[in-house]
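This is query.txt. It holds compact mmCIF, C-alpha atoms and all ligand atoms.
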```txt
# COMPACT_ATOMS: atom_id res chain seq x y z
CA MET A 30 10.22 32.92 6.14
CA LYS A 31 11.41 36.13 7.84
CA LYS A 32 11.02 36.13 11.60
CA LEU A 33 9.23 38.86 13.51
CA TYR A 34 10.92 41.09 16.07
CA LEU A 35 8.88 42.26 19.04
CA GLY A 36 10.17 44.04 22.08
CA THR A 37 9.41 46.40 24.90
CA ASN A 38 11.28 48.91 26.99
CA THR A 39 9.81 49.31 30.47
CA LYS A 40 11.41 52.78 30.78
CA MET A 41 11.61 53.98 34.43
CA TYR A 42 8.48 52.20 35.59
CA LYS A 43 8.94 48.64 36.84
CA ASN A 44 10.96 47.86 39.98
CA ILE A 45 12.65 44.50 40.62
CA VAL A 46 9.55 42.71 41.91
CA GLN A 47 7.34 44.09 39.13
CA THR A 48 9.91 43.19 36.48
CA THR A 49 10.35 39.62 37.67
CA GLN A 50 6.59 39.05 37.94
CA TYR A 51 6.15 40.47 34.46
CA LEU A 52 8.90 38.34 32.94
CA ILE A 53 7.78 35.13 34.62
CA LYS A 54 4.32 35.67 33.17
CA LEU A 55 5.57 36.69 29.72
CA ALA A 56 7.96 33.73 29.52
CA GLU A 57 5.19 31.35 30.54
CA LEU A 58 2.63 32.80 28.12
CA THR A 59 4.98 32.78 25.16
CA GLN A 60 6.91 29.58 25.80
CA ASP A 61 5.06 27.62 23.11
CA ILE A 62 5.90 30.11 20.37
CA ASP A 63 8.47 28.89 17.88
CA ARG A 64 11.50 31.17 18.23
CA ASP A 65 12.33 30.66 14.56
CA LEU A 66 9.32 32.90 14.00
CA LEU A 67 9.88 35.36 16.81
CA GLU A 68 12.70 37.30 18.44
CA LEU A 69 11.32 38.66 21.68
CA PHE A 70 13.22 41.15 23.80
CA VAL A 71 12.63 43.16 26.97
CA PHE A 72 14.61 46.13 28.27
CA PRO A 73 14.05 46.39 32.05
CA SER A 74 15.55 48.98 34.38
CA PHE A 75 19.20 48.41 35.30
CA THR A 76 18.45 47.44 38.89
CA ALA A 77 16.20 44.61 37.70
CA LEU A 78 18.62 43.12 35.14
CA ASP A 79 20.28 40.59 37.42
CA ALA A 80 16.98 39.21 38.70
CA ALA A 81 15.53 39.32 35.18
CA ASN A 82 18.47 37.32 33.83
CA LYS A 83 17.66 34.45 36.17
CA ILE A 84 14.21 34.26 34.61
CA VAL A 85 15.05 34.71 30.95
CA SER A 86 18.32 32.73 30.91
CA GLU A 87 16.39 29.62 29.85
CA GLY A 88 15.96 31.31 26.48
CA GLY A 89 12.94 32.69 24.79
CA ILE A 90 13.35 36.30 25.87
CA LEU A 91 16.43 38.35 25.05
CA LEU A 92 17.51 40.59 27.88
CA GLY A 93 18.26 44.17 26.94
CA ALA A 94 19.74 47.30 28.50
CA GLN A 95 18.00 50.64 27.99
CA ASN A 96 21.32 52.43 27.57
CA MET A 97 25.08 51.87 27.87
CA CYS A 98 28.32 53.81 27.95
CA TRP A 99 30.72 53.75 24.99
CA GLU A 100 33.67 52.88 27.24
CA ASP A 101 34.40 49.65 29.11
CA GLU A 102 35.47 51.46 32.28
CA GLY A 103 36.71 54.81 33.47
CA GLN A 104 35.73 58.13 34.96
CA PHE A 105 32.09 58.05 33.85
CA THR A 106 30.08 58.56 37.02
CA GLY A 107 26.53 57.35 36.65
CA GLU A 108 27.14 55.47 33.43
CA ILE A 109 26.93 51.73 32.87
CA SER A 110 29.62 49.68 31.15
CA PRO A 111 28.87 47.10 28.44
CA VAL A 112 31.14 44.73 30.38
CA MET A 113 28.91 45.09 33.45
CA LEU A 114 25.82 44.59 31.32
CA LYS A 115 27.20 41.38 29.88
CA GLU A 116 27.95 40.21 33.41
CA VAL A 117 24.19 40.21 34.11
CA GLY A 118 23.22 38.48 30.89
CA VAL A 119 22.40 41.42 28.64
CA LYS A 120 22.38 40.49 24.95
CA ILE A 121 20.93 43.58 23.30
CA ALA A 122 21.49 47.29 23.95
CA GLU A 123 18.94 49.99 23.19
CA ILE A 124 20.83 52.94 21.80
CA GLY A 125 19.58 56.44 21.06
CA HIS A 126 16.00 56.16 22.30
CA SER A 127 14.22 59.46 21.76
CA GLU A 128 14.10 60.11 25.51
CA ARG A 129 17.89 59.67 25.69
CA ARG A 130 18.36 62.02 22.76
CA HIS A 131 15.83 64.68 23.68
CA ILE A 132 15.83 64.67 27.50
CA MET A 133 19.40 63.54 28.19
CA GLY A 134 20.97 65.35 25.24
CA GLU A 135 22.53 62.40 23.43
CA THR A 136 23.93 63.29 20.03
CA ASP A 137 24.32 61.15 16.92
CA GLU A 138 28.07 61.05 17.58
CA MET A 139 27.51 59.62 21.07
CA VAL A 140 25.03 57.16 19.62
CA ASN A 141 27.62 56.06 17.09
CA ARG A 142 30.25 55.46 19.78
CA LYS A 143 27.75 53.35 21.69
CA VAL A 144 26.81 51.32 18.61
CA LEU A 145 30.48 50.59 17.86
CA CYS A 146 31.17 49.71 21.49
CA ALA A 147 28.15 47.39 21.71
CA LEU A 148 29.32 45.55 18.59
CA ARG A 149 32.84 45.28 19.96
CA HIS A 150 31.38 43.47 22.95
CA GLY A 151 29.07 41.21 20.97
CA LEU A 152 25.95 43.05 22.11
CA MET A 153 23.23 43.60 19.51
CA PRO A 154 22.53 47.31 19.12
CA LEU A 155 18.88 48.29 18.77
CA LEU A 156 19.45 51.68 17.20
CA CYS A 157 16.48 54.00 17.70
CA ILE A 158 15.92 56.81 15.25
CA GLY A 159 13.08 59.23 14.65
CA GLU A 160 12.21 62.77 13.65
CA THR A 161 10.62 65.41 15.88
CA GLU A 162 7.26 66.99 15.16
CA GLU A 163 8.98 70.19 14.04
CA GLN A 164 11.22 68.31 11.61
CA LYS A 165 8.14 66.58 10.25
CA LYS A 166 6.41 69.93 9.75
CA LEU A 167 9.47 71.24 7.94
CA GLY A 168 9.29 68.26 5.59
CA ILE A 169 12.76 67.01 6.50
CA SER A 170 11.85 63.72 8.22
CA GLU A 171 13.52 61.56 5.63
CA GLU A 172 16.72 63.61 5.70
CA VAL A 173 16.78 63.44 9.51
CA LEU A 174 16.41 59.65 9.50
CA ARG A 175 19.10 59.26 6.86
CA LEU A 176 21.47 61.46 8.86
CA GLN A 177 20.80 59.58 12.10
CA LEU A 178 21.61 56.34 10.30
CA LYS A 179 24.66 57.71 8.50
CA ILE A 180 26.23 59.04 11.69
CA GLY A 181 24.89 56.37 14.03
CA LEU A 182 26.27 53.57 11.85
CA HIS A 183 29.50 55.30 10.84
CA HIS A 184 32.40 52.84 10.71
CA VAL A 185 30.18 49.83 11.37
CA ASN A 186 31.77 46.95 9.54
CA PRO A 187 29.28 45.34 7.12
CA SER A 188 30.26 41.96 8.54
CA MET A 189 28.66 43.10 11.83
CA ALA A 190 25.42 44.27 10.24
CA SER A 191 23.55 41.08 11.11
CA MET A 192 23.80 42.17 14.77
CA LEU A 193 21.92 45.40 14.12
CA ARG A 194 18.25 46.09 14.69
CA ILE A 195 16.74 49.48 13.79
CA ALA A 196 13.74 50.94 15.59
CA TYR A 197 11.96 53.76 13.76
CA GLU A 198 10.21 55.77 16.47
CA PRO A 199 8.94 59.20 15.48
CA VAL A 200 9.32 61.43 18.53
CA TRP A 201 5.82 62.87 18.01
CA ALA A 202 4.26 59.40 18.09
CA ILE A 203 5.79 58.19 21.37
CA GLY A 204 4.15 58.18 24.78
CA VAL A 205 0.93 59.48 26.33
CA GLN A 206 0.88 62.59 24.10
CA GLY A 207 1.81 60.53 21.04
CA LYS A 208 -0.12 61.06 17.81
CA PRO A 209 -1.05 58.12 15.58
CA ILE A 210 1.07 57.60 12.48
CA THR A 211 -0.60 57.02 9.12
CA LEU A 212 0.30 53.87 7.24
CA THR A 213 1.33 55.83 4.15
CA TYR A 214 3.72 57.98 6.15
CA ALA A 215 5.14 54.97 8.01
CA ALA A 216 5.64 53.06 4.76
CA HIS A 217 7.42 56.03 3.22
CA MET A 218 9.82 56.43 6.16
CA ILE A 219 10.51 52.71 6.40
CA ALA A 220 11.35 52.64 2.70
CA ALA A 221 13.72 55.57 3.22
CA ILE A 222 15.40 53.74 6.11
CA ARG A 223 15.85 50.60 4.01
CA ASP A 224 17.23 52.70 1.18
CA GLU A 225 19.71 54.42 3.47
CA LEU A 226 20.80 51.07 4.89
CA SER A 227 21.41 49.95 1.29
CA GLU A 228 23.57 52.99 0.69
CA ILE A 229 25.57 52.24 3.81
CA PHE A 230 25.91 48.46 3.57
CA GLY A 231 24.72 47.53 0.08
CA ALA A 232 21.28 46.20 -0.84
CA PHE A 233 21.96 42.57 0.03
CA ILE A 234 22.99 43.28 3.63
CA ALA A 235 20.37 46.02 4.07
CA GLU A 236 17.61 43.49 3.38
CA THR A 237 18.75 41.40 6.34
CA ILE A 238 18.60 44.20 8.94
CA PRO A 239 15.32 44.15 10.86
CA ILE A 240 13.40 47.44 10.95
CA LEU A 241 10.90 47.84 13.78
CA TYR A 242 8.29 50.51 14.29
CA GLY A 243 7.59 52.08 17.68
CA GLY A 244 5.38 54.88 18.98
CA SER A 245 1.94 54.34 20.56
CA VAL A 246 1.64 50.81 19.17
CA ASN A 247 -1.44 49.08 20.63
CA ASN A 248 -3.63 46.02 20.03
CA GLU A 249 -5.57 47.80 17.38
CA ASN A 250 -2.91 49.45 15.21
CA ALA A 251 -0.34 46.64 15.61
CA LEU A 252 -2.10 44.57 12.98
CA ARG A 253 -2.32 47.40 10.50
CA LEU A 254 1.32 48.32 11.00
CA ILE A 255 2.65 44.80 10.69
CA ALA A 256 0.81 44.48 7.38
CA LEU A 257 3.45 46.82 5.94
CA PRO A 258 5.63 44.36 4.05
CA GLU A 259 8.88 46.25 4.71
CA LEU A 260 8.38 46.18 8.46
CA ASP A 261 10.02 43.40 10.49
CA GLY A 262 8.63 44.08 13.91
CA LEU A 263 7.26 46.37 16.58
CA PHE A 264 8.87 48.09 19.53
CA ILE A 265 6.15 48.70 22.07
CA GLY A 266 5.93 50.76 25.24
CA ARG A 267 2.75 51.06 27.29
CA ALA A 268 0.70 48.41 25.50
CA ALA A 269 3.32 45.76 26.26
CA TRP A 270 3.77 46.43 29.98
CA ASP A 271 1.04 43.99 30.85
CA ALA A 272 2.27 40.50 29.97
CA VAL A 273 -1.20 39.22 29.05
CA ASN A 274 -1.79 42.09 26.67
CA PHE A 275 1.70 41.83 25.16
CA ASN A 276 1.14 38.12 24.58
CA MET A 277 -2.13 38.95 22.79
CA ILE A 278 -0.40 41.43 20.51
CA ILE A 279 2.42 38.96 19.83
CA ARG A 280 0.00 36.21 18.81
CA ASP A 281 -2.24 38.47 16.74
CA VAL A 282 0.75 39.85 14.87
CA LEU A 283 2.28 36.40 14.31
CA MET A 284 -1.01 35.01 13.09
CA SER A 285 -1.51 37.86 10.68
CA ARG A 286 2.01 37.46 9.25
CA PHE A 287 2.33 33.72 9.00
CA ASP A 288 0.15 30.97 7.66
CA TYR A 289 -1.90 30.15 10.74
CA THR A 290 -3.06 26.72 9.62
CA GLN A 291 0.49 25.59 8.98
CA LYS A 292 1.90 27.07 12.13
CA LYS A 293 -1.05 26.53 14.43
CA ALA A 294 0.92 24.35 16.81
CA ALA A 295 3.61 26.98 17.11
CA PHE A 296 1.36 29.77 18.29
CA SER A 297 -2.00 28.49 19.35
CA ARG A 298 -4.05 30.74 21.64
CA GLU A 299 -4.64 27.97 24.17
P1 LIG B 301 4.86 53.92 23.61
O1 LIG B 301 6.44 53.93 23.80
O2 LIG B 301 4.49 52.65 22.88
O3 LIG B 301 4.30 53.95 25.00
O4 LIG B 301 4.49 55.13 22.81
C1 LIG B 301 7.28 53.59 22.73
C2 LIG B 301 8.73 53.80 23.09
O5 LIG B 301 9.08 54.73 23.81
O6 LIG B 301 9.59 53.02 22.64
```
Conversion result in structure tokens:
Amino acid sequence: MKKLYLGTNTKMYKNIVQTTQYLIKLAELTQDIDRDLLELFVFPSFTALDAANKIVSEGGILLGAQNMCWEDEGQFTGEISPVMLKEVGVKIAEIGHSERRHIMGETDEMVNRKVLCALRHGLMPLLCIGETEEQKKLGISEEVLRLQLKIGLHHVNPSMASMLRIAYEPVWAIGVQGKPITLTYAAHMIAAIRDELSEIFGAFIAETIPILYGGSVNNENALRLIALPELDGLFIGRAAWDAVNFNMIIRDVLMSRFDYTQKKAAFSRE
């Protein structure tokens, strides 16, 4: 049975108090869920990581960083070192989110350096990829995704591939202005991503790399999306920032994927 991968990035919204309250609630609500079925991760703001670590260190929620530098130390004012992130319990690093690429100007080459650096430090890279609306209109979405993977994963040793998680997040689908994705389109892009991963690492390894979808995921479309057999999880923004709602999505998605009668004890709604 393949586990499900569900995570959220709180972007630049929650302060320390809000993050800790959120995590306490999320940890409590999801504590009964069998972690063989679920990998759950949260990417809070940097200032909240230390406090967040004290809450999630018991296990159950993987602590993530929304970004990291590709160097351990040096003259990189304003950047954050993977060594410093590990010091506060970070296990997974979000790399190449569309807002980093399109607002902060991160290139595929920078993304690749970050991926390699995260792996060097034993951090799991959550590599985010996605085409813009213009690229979609030009009919080059698949090529864009393949290129982002080719460059982003350049020189990644296949033996490290089990550390990778890929989040497919079309730029045009993310955020308040985001447009809904059709299932056919999503299935097509996810298949292209799997195919590109096969080209890079070989089919056997590619099958083991979780692919998540992100971009305006909510209670309603989560179930339809997770019905796509090639999809391993969801990366959620707004709809996951309320712990009660996130817990509802988690349980609905788990119940739709796994045999509820068999696993009832593992994710009951009570
Ligand atoms: P959204 O954010 O679910 O609010 O669209 C997704 C993301 O930015 O990862």
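The two atoms in question, atom CA of Glu100 of chain A and atom CA of Arg142 of chain A, are spaced 8.6 Å apart.
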Residues at most 6 Å from ligand LIG 301 (chain B), using all atoms listed in the file? Could they come as an mmCIF file with C-alpha atoms, in the frame of the given file?
```
data_model
loop_
_atom_site.group_PDB
_atom_site.id
_atom_site.type_symbol
_atom_site.label_atom_id
_atom_site.label_comp_id
_atom_site.auth_asym_id
_atom_site.auth_seq_id
_atom_site.Cartn_x
_atom_site.Cartn_y
_atom_site.Cartn_z
ATOM 1 C CA ILE A 203 5.790 58.190 21.370
ATOM 2 C CA GLY A 204 4.150 58.180 24.780
ATOM 3 C CA GLY A 243 7.590 52.080 17.680
ATOM 4 C CA GLY A 244 5.380 54.880 18.980
ATOM 5 C CA SER A 245 1.940 54.340 20.560
ATOM 6 C CA VAL A 246 1.640 50.810 19.170
ATOM 7 C CA PHE A 264 8.870 48.090 19.530
ATOM 8 C CA ILE A 265 6.150 48.700 22.070
ATOM 9 C CA GLY A 266 5.930 50.760 25.240
ATOM 10 C CA ARG A 267 2.750 51.060 27.290
#
```
Excluding segment 55-57 of chain A and its own-chain neighbours fewer than 3 positions away, which residues fall within 12 Å of it when counting all atoms listed in the file? Please give them as number ranges by chain. A: 36-37, 48-52, 60-62, 69-71, 81-92, 269-279
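The environment of Cys98 of chain A within 12 Å, counting all atoms listed in the file and disregarding residues fewer than 4 places along the same chain, consists of Ala94, Glu102, Gly103, Gln104, Phe105, Thr106, Gly107, Glu108, Ile109, Ser110, Pro111, Val112, Met113, Leu114, Ala122, Glu123, Ile124, Gly125, Glu135, Met139, Val140, Asn141, Arg142, Lys143, Val144, Leu145, Cys146, Ala147 and His150 of chain A.
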Scan for residues within 12 Å of the point (8.8, 63.7, 15.5) in the coordinates of the file, using only C-alpha atoms, and reply as a PyMOL selection string. chain A and resi 127-128+131+158-171+173-174+197-204+206-210+218+243-244
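The two atoms in question, atom CA of Ser285 of chain A and atom CA of Pro258 of chain A, are spaced 11.7 Å apart.
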Is it possible to dump segment 246-268 of chain A as a JSON list (two decimals), in the first residue's frame, including just C-alpha atoms?
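Below is the file that was written, decode-v3.json:
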```json
[["chain", "number", "residue", "atom", "x", "y", "z"],
["A", 246, "VAL", "CA", -6.73, 22.48, -3.56],
["A", 247, "ASN", "CA", -9.82, 22.55, -1.33],
["A", 248, "ASN", "CA", -12.22, 20.17, 0.42],
["A", 249, "GLU", "CA", -14.20, 19.70, -2.72],
["A", 250, "ASN", "CA", -11.57, 19.10, -5.41],
["A", 251, "ALA", "CA", -9.15, 17.20, -3.12],
["A", 252, "LEU", "CA", -11.18, 14.03, -3.51],
["A", 253, "ARG", "CA", -11.37, 14.28, -7.26],
["A", 254, "LEU", "CA", -7.66, 14.98, -7.55],
["A", 255, "ILE", "CA", -6.56, 12.18, -5.26],
["A", 256, "ALA", "CA", -8.60, 9.77, -7.37],
["A", 257, "LEU", "CA", -5.90, 10.17, -10.04],
["A", 258, "PRO", "CA", -3.99, 6.92, -9.61],
["A", 259, "GLU", "CA", -0.60, 8.45, -10.48],
["A", 260, "LEU", "CA", -0.89, 11.09, -7.79],
["A", 261, "ASP", "CA", 0.68, 10.44, -4.38],
["A", 262, "GLY", "CA", -0.47, 13.46, -2.47],
["A", 263, "LEU", "CA", -1.55, 17.07, -2.21],
["A", 264, "PHE", "CA", 0.33, 20.23, -1.35],
["A", 265, "ILE", "CA", -2.20, 22.68, -0.01],
["A", 266, "GLY", "CA", -2.12, 26.38, 0.76],
["A", 267, "ARG", "CA", -5.16, 28.31, 1.98],
["A", 268, "ALA", "CA", -7.47, 25.35, 2.59]]
```
